[in-house]
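Visitor: Dropping a structure here in structure tokens format, bear with me for questions.
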Amino acid sequence: MYRVLLHNDDYTTMEFVVEILQSVFHKSPSEATRIMLLVHKSGTGVCGVFTAEVAETKVELVHHLARKNGFPLQCSMEET
């Protein structure tokens with residue numbers, strides 16, 4: 001299993017991060033806001049734990065959506 005992480009940067013808006021958490025990771029608005037604030041304050045936040053294939057797909061989707069919207073948002077996965 002793999003943890004999918006979002007990484008803080010100085011350019012991606014908090015609203016976009018919340019949108020990503022809701023659309024890609026199916027988080028509720030309150031949970032998405034909590035994770036976004038964790039990413040903002042500590043530098044990273046866990047979006048969820050998935051199989052390798054699902055984690056890879058979610059990382060790629062986050063990168064695709066971020067680039068499409070002009071943001072440098074980074075997402076990674078690490079083995080649990």
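Residue numbering restarts at 1 in every chain; chains get A, B, ... in the order shown in the structure tokens, and ligands count up from 1 in that same order.
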Excluding same-chain residues fewer than 5 positions from Glu56 in chain A, what lies within 12 Å of it counting only C-alpha atoms, as a PyMOL selection string?

Guide: chain A and resi 1-5+49-51+61-63+75-79

Visitor: Got a sec to tell me which of chain A DSSP assigns to strand (DSSP E or B), as a VMD selection string?

Guide: chain A and resid 2 to 7 44 to 50 74 to 79

Visitor: Those residues you just picked out, can you put them in a file as a compact mmCIF listing (two decimals), in the first residue's frame with all heavy atoms?

Guide:
# COMPACT_ATOMS: atom_id res chain seq x y z
N TYR A 2 0.34 2.32 -0.57
CA TYR A 2 1.11 3.56 -0.72
C TYR A 2 0.30 4.76 -0.25
O TYR A 2 -0.89 4.88 -0.56
CB TYR A 2 1.49 3.76 -2.20
CG TYR A 2 2.53 2.78 -2.67
CD1 TYR A 2 2.16 1.49 -3.05
CD2 TYR A 2 3.86 3.13 -2.70
CE1 TYR A 2 3.11 0.58 -3.46
CE2 TYR A 2 4.82 2.22 -3.12
CZ TYR A 2 4.44 0.96 -3.50
OH TYR A 2 5.40 0.06 -3.90
N ARG A 3 0.99 5.64 0.48
CA ARG A 3 0.41 6.92 0.89
C ARG A 3 0.60 7.89 -0.27
O ARG A 3 1.68 7.97 -0.84
CB ARG A 3 1.16 7.50 2.09
CG ARG A 3 0.66 7.07 3.42
CD ARG A 3 1.35 7.88 4.51
NE ARG A 3 2.74 7.48 4.67
CZ ARG A 3 3.16 6.53 5.48
NH1 ARG A 3 2.31 5.88 6.23
NH2 ARG A 3 4.43 6.23 5.55
N VAL A 4 -0.44 8.66 -0.58
CA VAL A 4 -0.32 9.74 -1.57
C VAL A 4 -0.24 11.05 -0.80
O VAL A 4 -1.07 11.33 0.07
CB VAL A 4 -1.51 9.73 -2.55
CG1 VAL A 4 -1.42 10.92 -3.49
CG2 VAL A 4 -1.53 8.43 -3.34
N LEU A 5 0.79 11.84 -1.11
CA LEU A 5 1.07 13.08 -0.40
C LEU A 5 0.96 14.28 -1.33
O LEU A 5 1.38 14.22 -2.49
CB LEU A 5 2.50 13.07 0.17
CG LEU A 5 2.87 11.89 1.05
CD1 LEU A 5 4.38 11.85 1.26
CD2 LEU A 5 2.16 11.99 2.38
N LEU A 6 0.44 15.38 -0.80
CA LEU A 6 0.51 16.67 -1.48
C LEU A 6 1.61 17.47 -0.81
O LEU A 6 1.81 17.37 0.40
CB LEU A 6 -0.81 17.42 -1.37
CG LEU A 6 -1.96 16.94 -2.23
CD1 LEU A 6 -3.19 17.81 -2.00
CD2 LEU A 6 -1.59 16.95 -3.70
N HIS A 7 2.30 18.31 -1.61
CA HIS A 7 3.42 19.11 -1.11
C HIS A 7 3.10 20.59 -1.26
O HIS A 7 2.61 21.02 -2.31
CB HIS A 7 4.70 18.76 -1.87
CG HIS A 7 5.05 17.30 -1.77
ND1 HIS A 7 5.80 16.80 -0.75
CD2 HIS A 7 4.69 16.25 -2.54
CE1 HIS A 7 5.93 15.49 -0.90
NE2 HIS A 7 5.25 15.13 -1.99
N THR A 44 3.59 19.02 3.95
CA THR A 44 3.00 17.86 3.26
C THR A 44 1.74 17.42 3.98
O THR A 44 1.56 17.73 5.17
CB THR A 44 3.96 16.64 3.19
OG1 THR A 44 4.28 16.24 4.51
CG2 THR A 44 5.20 16.94 2.38
N GLY A 45 0.91 16.69 3.28
CA GLY A 45 -0.29 16.13 3.89
C GLY A 45 -0.68 14.86 3.15
O GLY A 45 -0.53 14.77 1.94
N VAL A 46 -1.17 13.90 3.90
CA VAL A 46 -1.59 12.61 3.33
C VAL A 46 -3.01 12.73 2.80
O VAL A 46 -3.92 13.15 3.52
CB VAL A 46 -1.51 11.49 4.39
CG1 VAL A 46 -2.02 10.17 3.82
CG2 VAL A 46 -0.09 11.34 4.90
N CYS A 47 -3.19 12.35 1.54
CA CYS A 47 -4.50 12.39 0.89
C CYS A 47 -5.24 11.07 1.02
O CYS A 47 -6.46 11.03 0.90
CB CYS A 47 -4.34 12.69 -0.59
SG CYS A 47 -3.45 14.19 -0.90
N GLY A 48 -4.49 9.99 1.22
CA GLY A 48 -5.09 8.68 1.33
C GLY A 48 -4.06 7.59 1.14
O GLY A 48 -2.90 7.87 0.81
N VAL A 49 -4.48 6.34 1.36
CA VAL A 49 -3.61 5.17 1.20
C VAL A 49 -4.28 4.26 0.19
O VAL A 49 -5.47 3.92 0.33
CB VAL A 49 -3.40 4.45 2.55
CG1 VAL A 49 -2.55 3.20 2.37
CG2 VAL A 49 -2.77 5.40 3.56
N PHE A 50 -3.50 3.85 -0.83
CA PHE A 50 -4.05 3.12 -1.96
C PHE A 50 -3.09 2.03 -2.41
O PHE A 50 -1.92 2.04 -2.05
CB PHE A 50 -4.29 4.08 -3.15
CG PHE A 50 -5.07 5.30 -2.79
CD1 PHE A 50 -4.43 6.49 -2.48
CD2 PHE A 50 -6.46 5.27 -2.74
CE1 PHE A 50 -5.16 7.63 -2.13
CE2 PHE A 50 -7.19 6.40 -2.40
CZ PHE A 50 -6.53 7.58 -2.10
N GLN A 74 2.76 19.72 -6.44
CA GLN A 74 3.46 18.44 -6.49
C GLN A 74 2.72 17.42 -5.63
O GLN A 74 2.22 17.74 -4.55
CB GLN A 74 4.90 18.57 -6.01
CG GLN A 74 5.78 19.34 -6.97
CD GLN A 74 5.92 18.61 -8.29
OE1 GLN A 74 6.33 17.45 -8.32
NE2 GLN A 74 5.57 19.27 -9.37
N CYS A 75 2.72 16.20 -6.12
CA CYS A 75 2.07 15.09 -5.44
C CYS A 75 3.02 13.91 -5.56
O CYS A 75 3.68 13.75 -6.59
CB CYS A 75 0.75 14.80 -6.13
SG CYS A 75 -0.29 13.58 -5.34
N SER A 76 3.12 13.12 -4.50
CA SER A 76 4.02 11.97 -4.54
C SER A 76 3.38 10.80 -3.81
O SER A 76 2.34 10.94 -3.18
CB SER A 76 5.38 12.30 -3.92
OG SER A 76 5.22 12.57 -2.54
N MET A 77 4.04 9.64 -3.92
CA MET A 77 3.56 8.47 -3.20
C MET A 77 4.73 7.82 -2.50
O MET A 77 5.88 7.91 -2.96
CB MET A 77 2.89 7.49 -4.16
CG MET A 77 3.73 7.04 -5.31
SD MET A 77 2.79 6.11 -6.54
CE MET A 77 3.03 4.45 -5.92
N GLU A 78 4.45 7.23 -1.33
CA GLU A 78 5.48 6.52 -0.58
C GLU A 78 4.87 5.26 0.00
O GLU A 78 3.71 5.24 0.38
CB GLU A 78 6.09 7.41 0.50
CG GLU A 78 5.12 7.79 1.62
CD GLU A 78 5.74 8.69 2.67
OE1 GLU A 78 6.72 9.37 2.38
OE2 GLU A 78 5.19 8.71 3.78
N GLU A 79 5.69 4.23 0.05
CA GLU A 79 5.22 2.96 0.58
C GLU A 79 4.93 3.08 2.07
O GLU A 79 5.66 3.73 2.80
CB GLU A 79 6.27 1.87 0.33
CG GLU A 79 5.71 0.48 0.42
CD GLU A 79 6.64 -0.56 -0.18
OE1 GLU A 79 7.71 -0.21 -0.68
OE2 GLU A 79 6.25 -1.74 -0.16

Visitor: As a list in words, please: the residues near Asn69 in chain A (cut-off 12 Å, only C-alpha atoms, same-chain neighbours under 6 positions excluded).

Guide: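 The neighbour list is Tyr11, Thr12, Thr13, Phe16, Val17, Glu19, Ile20, Val62 and His63 of chain A.
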
Visitor: With N, CA and C atoms retained, export the selected residues as a compact mmCIF listing (two decimals), in the first residue's frame.

Guide:
# COMPACT_ATOMS: atom_id res chain seq x y z
N TYR A 11 2.72 28.95 -4.79
CA TYR A 11 1.94 29.44 -5.92
C TYR A 11 0.55 28.83 -6.05
N THR A 12 0.41 27.56 -5.71
CA THR A 12 -0.89 26.90 -5.84
C THR A 12 -1.84 27.46 -4.79
N THR A 13 -3.04 27.84 -5.22
CA THR A 13 -4.00 28.43 -4.28
C THR A 13 -4.58 27.37 -3.35
N PHE A 16 -7.61 25.73 -4.89
CA PHE A 16 -7.35 24.67 -5.86
C PHE A 16 -6.99 23.37 -5.15
N VAL A 17 -6.23 23.45 -4.07
CA VAL A 17 -5.86 22.25 -3.32
C VAL A 17 -7.12 21.59 -2.75
N GLU A 19 -10.11 21.84 -3.96
CA GLU A 19 -10.81 21.28 -5.12
C GLU A 19 -10.23 19.92 -5.53
N ILE A 20 -8.90 19.82 -5.56
CA ILE A 20 -8.22 18.57 -5.89
C ILE A 20 -8.58 17.49 -4.87
N VAL A 62 -3.39 14.35 -10.42
CA VAL A 62 -3.13 15.62 -9.72
C VAL A 62 -2.16 16.47 -10.55
N HIS A 63 -1.08 15.88 -11.02
CA HIS A 63 -0.10 16.63 -11.83
C HIS A 63 -0.75 17.17 -13.10

Visitor: Give me, as a JSON list (two decimals) with C-alpha atoms, in the first residue's frame, all polymer residues having an atom no more than 6 Å from range 31-43 of chain A, counting only C-alpha atoms and skipping those fewer than 6 positions away in the same chain.

Guide:
[["chain", "number", "residue", "atom", "x", "y", "z"],
["A", 7, "HIS", "CA", 3.42, 19.11, -1.11],
["A", 8, "ASN", "CA", 3.18, 22.79, -0.26],
["A", 18, "VAL", "CA", -9.29, 21.85, -1.68],
["A", 21, "LEU", "CA", -8.84, 16.86, -2.54]]

Visitor: What is the distance, in Å and to one decimal place, between CA of Phe71 in chain A and CA of Ala52 in chain A?

Guide: 24.9 Å

Visitor: Pick the closest to Val24 in chain A from A:Leu73, A:Asp10, A:Glu53, A:Val59: which is it, counting only C-alpha atoms?

Guide: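 Of the candidates, the smallest distance to Val24 in chain A is held by A:Val59.
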